[in-house]
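Colleague: The structure that follows is given in the form of structure tokens.
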Amino acid sequence: MSTAEPRNVPTLTPKVLGGFIGSGVIALIAANFVPIFISGLSEDLGFDLGAAGMIATSLAMASVVSMWLATFFVAKHSRPMIAGSGAILMVIGFGLAAVFYSPQIVPLGLIVAGLGCGIMAAASVAAVSSTADPDKSTTVIALINRLAVSALFLLAPVWFGDLRSVFVVLAILGGLGLVLVRGLPNPPTPRLATSAPPDSAAGHTLKLSGVILAIALGLWSMTEDMVYSLTTAVFGVHAGLSPEASTSALAYKVLGGLLGTVLAPLALKKLGRSMAIVLVVIVSTASKFILITTGDPTAYIISLIVWGVVYLTALVLVLGLAAQMDLSGRTGVFVNSLYTVGIAMGPLIGGALQPRMSFHAYAVLDCTIAVLAGLTIAAVSIKHTRGHNPRLPLLGDSIRAPQ
């Protein structure tokens, strides 16, 4: 056994699971509320669609910045402390937005909250790479996230009177995260440094395959949020739903994601990661095309559910792949950071382009980029799988990574 292999590899005990809920799950909940943010910013605070998309993008980009900064610390320092600092910022940011509910303060509050969410997510992603089964950990975290977001959306008509109430709930969740993050696994011992094997992406380098995976996932997530961010304000209404019904319909997509998290390990076992990724990208692209272009409410809701299923299936498969690329967690954080860049750019680009394009033209543009990015992800997966055979090295030379 290599001296670099860690001892006491953490498993998903209740304490560890609580740590992941307090960091990764709660941090990701905010990203699921982007359509609600955009709709509320437009209807309650008077921002036009482009400005609302820019504010949502600022929140996500703040998460990216803090996620990159967190890579200096997640491989060697206390992950509960790192995640806890992020939870404090999340509480402050959404608290400011709720207390001072105005066009001047809400954007600032969202940026502060975004910084906190990025720090929490980075600590969680790095910790996933340290667990005994990163694929299982990724699946469980995604499943709990879907359950939480589904519950919030289903309860929205009851206690989401306006965007301000959403901020209050998110601030409370940040406080809950601050309590739970103490169970987050710390870096493995002995820490990976000079003893790491030569084909590992640990330490201060990332394999080119990890960088390509990150870029491709960023582009793919951008195409997803170019659609998701506009579901409530544009595509649902185009399909014949009221804005309120369109918001409630998002719960169906999130509920579909529950099935997607269950299907991901089955697809991994039966089809293999690469073939499963190709299949879900094809289905995802087809469902998005229908969702964007249809004028039929039934077709819209069905495509929304299918899209939710395959989106989470693909995400679990890809993030599980990233988590396996190195034990320190840096590759996983890097891949997640560009995934978040895609989330950030989606509302901005979508809000700028969609009003100037027909629904069919927008669908063709979005789906073409999605297919190219998805096939690139599948190619990296194939190469990585071969890289586990000592006769077939991993793709590319090592390059410098954010530390």
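Scheme for the structure tokens: letters A, B, ... for chains in order shown; per-chain residue numbers from 1; ligand numbers from 1 in order shown.
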Excluding Leu173 (chain A) and any residue of its chain fewer than 6 positions from it, enumerate the residues within 12 Å of it, using only C-alpha atoms, and give them as a tab-separated table (two decimals) with N, CA, C and O atoms, in the first residue's frame.
Modeller:
```tsv
chain	number	residue	atom	x	y	z
A	21	ILE	N	-24.75	18.10	4.59
A	21	ILE	CA	-26.00	18.84	4.50
A	21	ILE	C	-25.78	20.31	4.85
A	21	ILE	O	-26.27	21.22	4.17
A	22	GLY	N	-25.01	20.54	5.92
A	22	GLY	CA	-24.76	21.91	6.36
A	22	GLY	C	-23.90	22.72	5.42
A	22	GLY	O	-23.93	23.95	5.46
A	23	SER	N	-23.14	22.06	4.56
A	23	SER	CA	-22.27	22.79	3.63
A	23	SER	C	-22.78	22.68	2.20
A	23	SER	O	-23.40	23.61	1.67
A	24	GLY	N	-22.57	21.52	1.56
A	24	GLY	CA	-22.91	21.38	0.16
A	24	GLY	C	-24.38	21.50	-0.16
A	24	GLY	O	-24.77	22.20	-1.10
A	25	VAL	N	-25.24	20.84	0.62
A	25	VAL	CA	-26.67	20.86	0.32
A	25	VAL	C	-27.24	22.27	0.47
A	25	VAL	O	-27.90	22.79	-0.44
A	26	ILE	N	-26.99	22.90	1.60
A	26	ILE	CA	-27.55	24.23	1.84
A	26	ILE	C	-26.97	25.27	0.89
A	26	ILE	O	-27.68	26.15	0.40
A	27	ALA	N	-25.67	25.15	0.58
A	27	ALA	CA	-25.06	26.10	-0.36
A	27	ALA	C	-25.70	26.00	-1.74
A	27	ALA	O	-25.88	27.01	-2.43
A	28	LEU	N	-26.05	24.78	-2.16
A	28	LEU	CA	-26.60	24.58	-3.50
A	28	LEU	C	-28.07	24.97	-3.59
A	28	LEU	O	-28.59	25.18	-4.68
A	29	ILE	N	-28.76	25.03	-2.45
A	29	ILE	CA	-30.18	25.40	-2.49
A	29	ILE	C	-30.36	26.77	-3.12
A	29	ILE	O	-31.29	26.99	-3.91
A	30	ALA	N	-29.48	27.71	-2.77
A	30	ALA	CA	-29.61	29.07	-3.30
A	30	ALA	C	-29.57	29.08	-4.83
A	30	ALA	O	-30.31	29.83	-5.48
A	87	ALA	N	-20.91	29.91	5.84
A	87	ALA	CA	-22.28	29.96	6.35
A	87	ALA	C	-22.59	31.31	6.99
A	87	ALA	O	-23.70	31.85	6.85
A	88	ILE	N	-21.60	31.87	7.69
A	88	ILE	CA	-21.79	33.19	8.30
A	88	ILE	C	-22.05	34.24	7.22
A	88	ILE	O	-22.95	35.08	7.35
A	90	MET	N	-23.28	33.68	4.27
A	90	MET	CA	-24.60	33.41	3.70
A	90	MET	C	-25.70	34.03	4.54
A	90	MET	O	-26.63	34.65	4.02
A	91	VAL	N	-25.59	33.89	5.86
A	91	VAL	CA	-26.58	34.49	6.76
A	91	VAL	C	-26.58	36.01	6.64
A	91	VAL	O	-27.64	36.65	6.54
A	92	ILE	N	-25.38	36.59	6.63
A	92	ILE	CA	-25.28	38.06	6.53
A	92	ILE	C	-25.86	38.56	5.22
A	92	ILE	O	-26.64	39.52	5.19
A	94	PHE	N	-28.04	37.11	2.88
A	94	PHE	CA	-29.49	37.00	2.72
A	94	PHE	C	-30.23	37.79	3.81
A	94	PHE	O	-31.34	38.29	3.58
A	95	GLY	N	-29.60	37.91	4.99
A	95	GLY	CA	-30.20	38.74	6.03
A	95	GLY	C	-30.28	40.20	5.64
A	95	GLY	O	-31.31	40.87	5.84
A	113	ALA	N	-23.94	36.84	0.00
A	113	ALA	CA	-24.44	35.47	0.16
A	113	ALA	C	-23.76	34.53	-0.82
A	113	ALA	O	-23.43	33.38	-0.48
A	117	CYS	N	-21.81	31.04	-0.08
A	117	CYS	CA	-22.21	29.76	-0.69
A	117	CYS	C	-21.04	29.10	-1.41
A	117	CYS	O	-20.88	27.88	-1.37
A	148	ALA	N	-34.79	18.65	-0.38
A	148	ALA	CA	-34.94	19.95	0.27
A	148	ALA	C	-35.55	20.98	-0.66
A	148	ALA	O	-36.49	21.71	-0.29
A	149	VAL	N	-35.03	21.06	-1.88
A	149	VAL	CA	-35.53	22.06	-2.83
A	149	VAL	C	-36.96	21.74	-3.24
A	149	VAL	O	-37.80	22.64	-3.38
A	152	LEU	N	-39.23	22.96	-0.56
A	152	LEU	CA	-39.34	24.42	-0.57
A	152	LEU	C	-40.23	24.92	-1.70
A	152	LEU	O	-41.06	25.83	-1.50
A	166	VAL	N	-38.35	34.65	0.75
A	166	VAL	CA	-37.35	33.69	0.28
A	166	VAL	C	-36.00	33.98	0.93
A	166	VAL	O	-35.30	33.06	1.40
A	167	PHE	N	-35.62	35.25	0.99
A	167	PHE	CA	-34.35	35.63	1.61
A	167	PHE	C	-34.34	35.25	3.10
A	167	PHE	O	-33.31	34.82	3.63
A	179	VAL	N	-24.44	25.33	12.14
A	179	VAL	CA	-24.48	24.34	13.22
A	179	VAL	C	-24.00	22.97	12.73
A	179	VAL	O	-23.29	22.25	13.42
A	180	LEU	N	-24.39	22.60	11.51
A	180	LEU	CA	-24.15	21.25	11.02
A	180	LEU	C	-22.75	21.00	10.47
A	180	LEU	O	-22.29	19.85	10.44
```
Colleague: Skipping near chain neighbours, those fewer than 3 positions away, what residues fall within 12 Å of Phe20 (chain A) using only C-alpha atoms, listed as a PyMOL selection string?
Modeller: chain A and resi 11-17+23-28+79-80+83-84+120-128+131+137-145+177-186
Colleague: Within 8 Å of region 255-266 of chain A, which residues of region 278-379 of chain A show up? Give each one with its shortest atom-to-atom distance in Å (one decimal) and the two atoms involved, counting only C-alpha atoms, rows by chain then rising residue number, as CSV.
Modeller:
```
residue,atom,partner,partner_atom,distance
A:Ile305,CA,A:Gly256,CA,5.2
A:Val306,CA,A:Gly256,CA,6.7
A:Trp307,CA,A:Gly256,CA,7.7
A:Gly308,CA,A:Gly256,CA,4.8
A:Val309,CA,A:Gly260,CA,4.2
A:Val310,CA,A:Gly260,CA,5.8
A:Tyr311,CA,A:Gly257,CA,7.0
A:Leu312,CA,A:Gly260,CA,5.0
A:Thr313,CA,A:Gly260,CA,4.5
A:Ala314,CA,A:Ala264,CA,7.4
A:Val316,CA,A:Ala264,CA,6.5
A:Leu317,CA,A:Ala264,CA,6.4
```
Colleague: To one decimal in Å, tell me the separation between CA of Leu219 (chain A) and CA of Gly374 (chain A).
Modeller: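 CA of Leu219 (chain A) sits 8.9 Å away from CA of Gly374 (chain A).
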Colleague: Which is closer to Val65 (chain A) than all the others in A:Leu170, A:Leu353, A:Ala344, A:Ile215, using only C-alpha atoms?
Modeller: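 Smallest distance to Val65 (chain A) is found for A:Ala344.
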Colleague: Nearest to Ile212 (chain A): which of A:Val335, A:Ala363, A:Leu163, A:Ala70 is it, counting only C-alpha atoms?
Modeller: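 Under the stated criterion, the closest residue is A:Val335.
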Colleague: As a ChimeraX atom specification, list the residues of region 38-263 of chain A assigned to strand (DSSP E or B) by DSSP on the backbone atoms of this structure.
Modeller: /A:189,205-207
Colleague: Determine which residues of region 48-244 of chain A receive a DSSP assignment of helix (DSSP H, G or I), computed from the backbone, and state them as a VMD selection string.
Modeller: chain A and resid 49 to 70 79 to 99 106 to 129 134 to 159 163 to 183 208 to 228 231 to 238 243 to 244
Colleague: Find, counting only C-alpha atoms, the residue in A:Ile301, A:Val227, A:Leu41, A:Val168 that gets nearest to Gly346 (chain A).
Modeller: A:Val227
